[in-house]
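Read through the structure below, which is laid out as structure tokens, and then see the notes.
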Amino acid sequence: MAEAPVSTAPARVGGVAGIPTKRIVRVTVATVVILLVAVGVFRTLTLPGAERTDLATWRQLIIAGVALGSMYALIAVGYSLVYGILRLINFAHGEVFMAGAMVSFFAGRAMATSGFMDRQPVLALLVLFAVGAACSMGLAIGLERVAYRPLRSAPRLVPLITAIGASLFLQNSFQGFFGPQNQGYNVPASLDKTVTVLGSPVRAPELLAIGVGLVSVVFLSWFVRSTKLGRSMRAVSEDREIASLMGIDVDRTIVWTFAVGGIFAGVAAVLWALTFKSVQPTMGFVVGITAFTAAVVGGIGSISGAALGGLLIGITSSVAPFLLLDGAHVPSPFQLKDGITFLILILVLIFRPSGLLGGSEKEKV
């Protein structure tokens, strides 16, 4: 009996000519995105002179994006620290941010009413940062003690649902006690001005946000790598059981992790309020989700990843709507900034699920 001929054609399993379907989809998506971005940028940059955005405005948008990204980075650090140790996505972190802004609002109003804010602007700013950081830190510690610690041994979905419930509870509680309306945030007169940077006017609070964000992230990186508590956080992140056997107080370390994340969220809250001059009980939701997106884009669990992701999201949300959509004559391109932000998240999850600076699934702080 003659043997059946053996085919030498390439195998077609899960794709075309041996190419995996997943790779085909990724290449197709990448090609479409690159073409759309190229077309949008080309049409915007070739607009007639009267419609074209000038260079000074682009510089101003970039600086505003860096300031926004610095604040997102400070909030994203809280997500990364908690996830790095507990593998928990703390969706209530946006409300921790909101609480710092809302409580510092009352301190700012009292200082403005008494005239202290304009007489001693530096001390007034220090008081605002202290109040915002203390409030956010206290709320973060309370969430860990009441909502998360009893559920450490529960399936991972249970703490996630609890975090969402805590977020909704806090948001609605603040609306009930303080009202849903926007509240104007008092800013020292000496800070409420513009300065010229690279030939473009820039608001002083934006420069303050950039400076505080840079110093804070550098300090936190040093703190985690060089202090006893920071080394304990890294050890607990690696393996809680082994860390406990080595004499590390795991509960204390986790509490300090939430405290540090809350402090950074409170500082970001005051910077946000000074920059945009208003606060409201619902402000934490979108800001928190965007900061979480920044943490994922950079590599959740990584401090440097949170900083990089925050800067990328901030600059993109400031510049991309105009750069990509002005040429298409979209009436309100800035209103689409959140859509562009979450599109970036989708693309990162498709092409690099661990984030830009992420490595293996088990990221460390």
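For the structure tokens, the naming scheme is as follows: chains receive sequential letters (A, B, ...) according to their order of presentation, residues are indexed from 1 within each chain, and ligands are indexed from 1 in presentation order.
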
ask   = Please, which residues of stretch 120-298 of chain A, numbered as in this document, come out strand (DSSP E) from DSSP, as a ChimeraX atom specification?
value = /A:183-184,194-197,200-203,278-279

Restricting the output to N, CA and C atoms, write the selected residues as a PDB file, in the first residue's frame.
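Output file result34.pdb follows:
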ATOM      1  N   GLN A 183     -17.317  74.109  45.153  1.00  0.00           N
ATOM      2  CA  GLN A 183     -16.938  75.113  46.137  1.00  0.00           C
ATOM      3  C   GLN A 183     -15.658  75.791  45.654  1.00  0.00           C
ATOM      4  N   GLY A 184     -15.673  77.133  45.636  1.00  0.00           N
ATOM      5  CA  GLY A 184     -14.482  77.864  45.226  1.00  0.00           C
ATOM      6  C   GLY A 184     -13.369  77.736  46.247  1.00  0.00           C
ATOM      7  N   THR A 194       0.563  84.535  37.060  1.00  0.00           N
ATOM      8  CA  THR A 194       1.248  83.805  35.992  1.00  0.00           C
ATOM      9  C   THR A 194       2.693  84.275  35.892  1.00  0.00           C
ATOM     10  N   VAL A 195       3.533  83.354  35.471  1.00  0.00           N
ATOM     11  CA  VAL A 195       4.933  83.681  35.215  1.00  0.00           C
ATOM     12  C   VAL A 195       5.258  83.230  33.798  1.00  0.00           C
ATOM     13  N   THR A 196       6.311  83.794  33.235  1.00  0.00           N
ATOM     14  CA  THR A 196       6.691  83.464  31.861  1.00  0.00           C
ATOM     15  C   THR A 196       7.751  82.370  31.870  1.00  0.00           C
ATOM     16  N   VAL A 197       7.469  81.282  31.178  1.00  0.00           N
ATOM     17  CA  VAL A 197       8.397  80.162  31.052  1.00  0.00           C
ATOM     18  C   VAL A 197       8.532  79.825  29.567  1.00  0.00           C
ATOM     19  N   SER A 200       6.128  81.577  27.311  1.00  0.00           N
ATOM     20  CA  SER A 200       4.692  81.334  27.455  1.00  0.00           C
ATOM     21  C   SER A 200       4.266  81.608  28.889  1.00  0.00           C
ATOM     22  N   PRO A 201       3.097  82.223  29.071  1.00  0.00           N
ATOM     23  CA  PRO A 201       2.608  82.456  30.431  1.00  0.00           C
ATOM     24  C   PRO A 201       2.150  81.152  31.069  1.00  0.00           C
ATOM     25  N   VAL A 202       2.607  80.906  32.282  1.00  0.00           N
ATOM     26  CA  VAL A 202       2.253  79.687  33.011  1.00  0.00           C
ATOM     27  C   VAL A 202       1.792  80.080  34.405  1.00  0.00           C
ATOM     28  N   ARG A 203       0.721  79.477  34.868  1.00  0.00           N
ATOM     29  CA  ARG A 203       0.205  79.779  36.193  1.00  0.00           C
ATOM     30  C   ARG A 203       1.129  79.223  37.268  1.00  0.00           C
ATOM     31  N   SER A 278     -11.303  74.941  42.652  1.00  0.00           N
ATOM     32  CA  SER A 278     -12.617  74.458  43.063  1.00  0.00           C
ATOM     33  C   SER A 278     -12.513  73.018  43.533  1.00  0.00           C
ATOM     34  N   VAL A 279     -13.454  72.631  44.395  1.00  0.00           N
ATOM     35  CA  VAL A 279     -13.541  71.261  44.885  1.00  0.00           C
ATOM     36  C   VAL A 279     -15.006  70.854  44.906  1.00  0.00           C
TER      37      VAL A 279
END

Enumerate, in order of chain and increasing residue number, the residues of stretch 53-123 of chain A with an atom no farther than 7 Å from stretch 300-310 of chain A, each with its shortest atom pair and distance in Å to one decimal, counting only C-alpha atoms, as a Markdown table.
| residue | atom | partner | partner_atom | distance |
| --- | --- | --- | --- | --- |
| A:Gly69 | CA | A:Gly310 | CA | 4.6 |
| A:Ser70 | CA | A:Gly310 | CA | 6.3 |
| A:Tyr72 | CA | A:Gly310 | CA | 4.9 |
| A:Ala73 | CA | A:Gly310 | CA | 4.3 |
| A:Ala76 | CA | A:Ala306 | CA | 5.4 |
| A:Val77 | CA | A:Ala306 | CA | 5.6 |
| A:Ser80 | CA | A:Gly301 | CA | 4.1 |
| A:Leu81 | CA | A:Gly301 | CA | 6.0 |
| A:Tyr83 | CA | A:Gly301 | CA | 5.7 |
| A:Gly84 | CA | A:Gly301 | CA | 4.3 |

Mind writing the picked residues with N, CA and C atoms as a short mmCIF file (atom, residue, chain, number, x, y, z; two decimals), in the first residue's frame?
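Everything below was put into selection_8.cif:
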data_model
loop_
_atom_site.label_atom_id
_atom_site.label_comp_id
_atom_site.auth_asym_id
_atom_site.auth_seq_id
_atom_site.Cartn_x
_atom_site.Cartn_y
_atom_site.Cartn_z
N GLY A 69 0.25 65.84 34.96
CA GLY A 69 0.85 64.53 35.12
C GLY A 69 1.54 64.36 36.46
N SER A 70 2.11 65.44 37.00
CA SER A 70 2.74 65.36 38.32
C SER A 70 1.71 65.04 39.39
N TYR A 72 -1.23 63.48 38.83
CA TYR A 72 -1.65 62.10 38.60
C TYR A 72 -0.62 61.12 39.16
N ALA A 73 0.65 61.46 39.02
CA ALA A 73 1.71 60.57 39.51
C ALA A 73 1.63 60.42 41.02
N ALA A 76 -1.24 58.12 41.65
CA ALA A 76 -0.96 56.78 41.15
C ALA A 76 -0.01 56.02 42.06
N VAL A 77 0.87 56.74 42.75
CA VAL A 77 1.79 56.10 43.70
C VAL A 77 1.02 55.32 44.75
N SER A 80 -0.13 52.04 43.34
CA SER A 80 0.99 51.13 43.12
C SER A 80 1.50 50.55 44.43
N LEU A 81 1.60 51.38 45.48
CA LEU A 81 2.09 50.88 46.76
C LEU A 81 1.17 49.80 47.33
N TYR A 83 -1.12 48.00 45.72
CA TYR A 83 -1.15 46.80 44.87
C TYR A 83 0.14 46.00 45.02
N GLY A 84 1.27 46.69 45.15
CA GLY A 84 2.53 45.99 45.26
C GLY A 84 2.61 45.11 46.49
#

remark   = Min atom-atom distance to A:Leu125 from the set A:Leu214, A:Leu274, A:Arg352, A:Thr21, counting only C-alpha atoms, belongs to A:Leu274

inquiry  = Can you tell me which residues surround A:Ala112 at a distance of at most 10 Å, considering only C-alpha atoms, apart from same-chain residues fewer than 6 positions away, and format the answer as JSON, numbers by chain?
reply    = {"A": [106, 118, 119, 124, 185, 186, 187, 188]}

request  = Do a neighbour search on A:Gly284 at 8 Å with only C-alpha atoms, toss out local chain neighbours closer than 3 positions, and write the hits as a list in words.
outcome  = Gly94, Glu95, Val96, Phe97, Met98, Pro281, Val287 and Gly288 of chain A

Dump as an mmCIF file, in the first residue's frame, selection limited to C-alpha atoms:
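Produced file out.cif, reproduced below:
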data_model
loop_
_atom_site.group_PDB
_atom_site.id
_atom_site.type_symbol
_atom_site.label_atom_id
_atom_site.label_comp_id
_atom_site.auth_asym_id
_atom_site.auth_seq_id
_atom_site.Cartn_x
_atom_site.Cartn_y
_atom_site.Cartn_z
ATOM 1 C CA GLY A 94 -9.935 58.534 44.518
ATOM 2 C CA GLU A 95 -12.169 59.385 47.478
ATOM 3 C CA VAL A 96 -9.101 59.513 49.740
ATOM 4 C CA PHE A 97 -7.841 62.196 47.340
ATOM 5 C CA MET A 98 -11.211 63.959 47.367
ATOM 6 C CA PRO A 281 -17.474 65.609 46.512
ATOM 7 C CA VAL A 287 -9.346 61.770 38.783
ATOM 8 C CA GLY A 288 -8.893 58.498 40.667
#

key: DSSP alpha helix (DSSP H) selection over stretch 34-69 of chain A, as a list in words   = Ile34, Leu35, Leu36, Val37, Ala38, Val39, Gly40, Val41, Phe42, Arg43, Thr44, Leu45, Leu55, Ala56, Thr57, Trp58, Arg59, Gln60, Leu61, Ile62, Ile63, Ala64, Gly65, Val66, Ala67, Leu68 and Gly69 of chain A

Same residues, C-alpha atoms, output as a short mmCIF file (atom, residue, chain, number, x, y, z; two decimals), in the first residue's frame:
data_model
loop_
_atom_site.label_atom_id
_atom_site.label_comp_id
_atom_site.auth_asym_id
_atom_site.auth_seq_id
_atom_site.Cartn_x
_atom_site.Cartn_y
_atom_site.Cartn_z
CA ILE A 34 -0.49 54.80 13.65
CA LEU A 35 -2.33 55.82 10.48
CA LEU A 36 -5.06 57.65 12.41
CA VAL A 37 -2.50 59.49 14.56
CA ALA A 38 -0.40 60.41 11.53
CA VAL A 39 -3.42 61.71 9.63
CA GLY A 40 -4.66 63.70 12.64
CA VAL A 41 -1.26 65.28 13.34
CA PHE A 42 -0.70 66.08 9.64
CA ARG A 43 -4.10 67.75 9.25
CA THR A 44 -3.59 69.80 12.43
CA LEU A 45 -0.08 70.97 11.53
CA LEU A 55 4.20 77.58 19.22
CA ALA A 56 3.72 79.47 22.48
CA THR A 57 0.35 77.78 23.00
CA TRP A 58 1.89 74.34 22.39
CA ARG A 59 4.55 75.09 25.01
CA GLN A 60 1.86 76.20 27.42
CA LEU A 61 -0.12 73.00 26.82
CA ILE A 62 2.95 70.85 27.43
CA ILE A 63 3.79 72.61 30.70
CA ALA A 64 0.16 72.30 31.82
CA GLY A 65 0.32 68.60 30.89
CA VAL A 66 3.47 68.08 32.96
CA ALA A 67 1.79 69.77 35.95
CA LEU A 68 -1.32 67.62 35.51
CA GLY A 69 0.85 64.53 35.12
#

Nearest to A:Phe174 by atom-to-atom distance, counting only C-alpha atoms, from A:Leu324, A:Met102, A:Val236, A:Val218 = A:Met102

message = Report, in Å with one decimal, the straight-line distance from atom CA of A:Phe223 to atom CA of A:Pro159.
response = 27.8 Å

Determine, counting only C-alpha atoms, which protein, DNA and RNA residues have an atom within 9 Å of an atom of stretch 148-150 of chain A; residues of the same chain fewer than 5 positions away are not included. Present the result as a PDB file with C-alpha atoms, in the first residue's frame.
ATOM      1  CA  LEU A 143     -10.175  52.058  55.167  1.00  0.00           C
ATOM      2  CA  PRO A 159     -11.831  43.126  48.548  1.00  0.00           C
ATOM      3  CA  THR A 162     -15.532  46.181  48.979  1.00  0.00           C
ATOM      4  CA  ALA A 163     -13.261  48.901  47.586  1.00  0.00           C
ATOM      5  CA  ASP A 251       0.208  44.614  59.862  1.00  0.00           C
TER       6      ASP A 251
END

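All residues of protein, DNA or RNA that reach within 9 Å of A:Ala320, judged by only C-alpha atoms and not counting those fewer than 4 positions away in the chain, are A:Ile315, A:Thr316, A:Leu324, A:Leu325, A:Pro333, A:Phe334, A:Lys337, A:Ile340.
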
Could those selected residues go to a file with C-alpha atoms, as a PDB file, in the first residue's frame?
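Produced file result_16.pdb, reproduced below:
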ATOM      1  CA  ILE A 315       0.835  65.388  28.761  1.00  0.00           C
ATOM      2  CA  THR A 316      -1.323  63.304  26.440  1.00  0.00           C
ATOM      3  CA  LEU A 324      -5.079  64.972  16.846  1.00  0.00           C
ATOM      4  CA  LEU A 325      -8.507  66.585  16.513  1.00  0.00           C
ATOM      5  CA  PRO A 333     -11.587  68.483  21.315  1.00  0.00           C
ATOM      6  CA  PHE A 334     -10.664  68.928  24.993  1.00  0.00           C
ATOM      7  CA  LYS A 337      -9.390  63.924  26.618  1.00  0.00           C
ATOM      8  CA  ILE A 340      -8.062  59.412  24.577  1.00  0.00           C
TER       9      ILE A 340
END

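Proximity to A:Asn182 at 12 Å, evaluated using only C-alpha atoms and with sequence-adjacent residues fewer than 4 positions away removed, yields Ala101, Met102, Phe105, Gln175, Phe178, Ala273, Phe276, Lys277, Ser278, Val279, Gln280, Pro281, Thr282 and Met283 of chain A.
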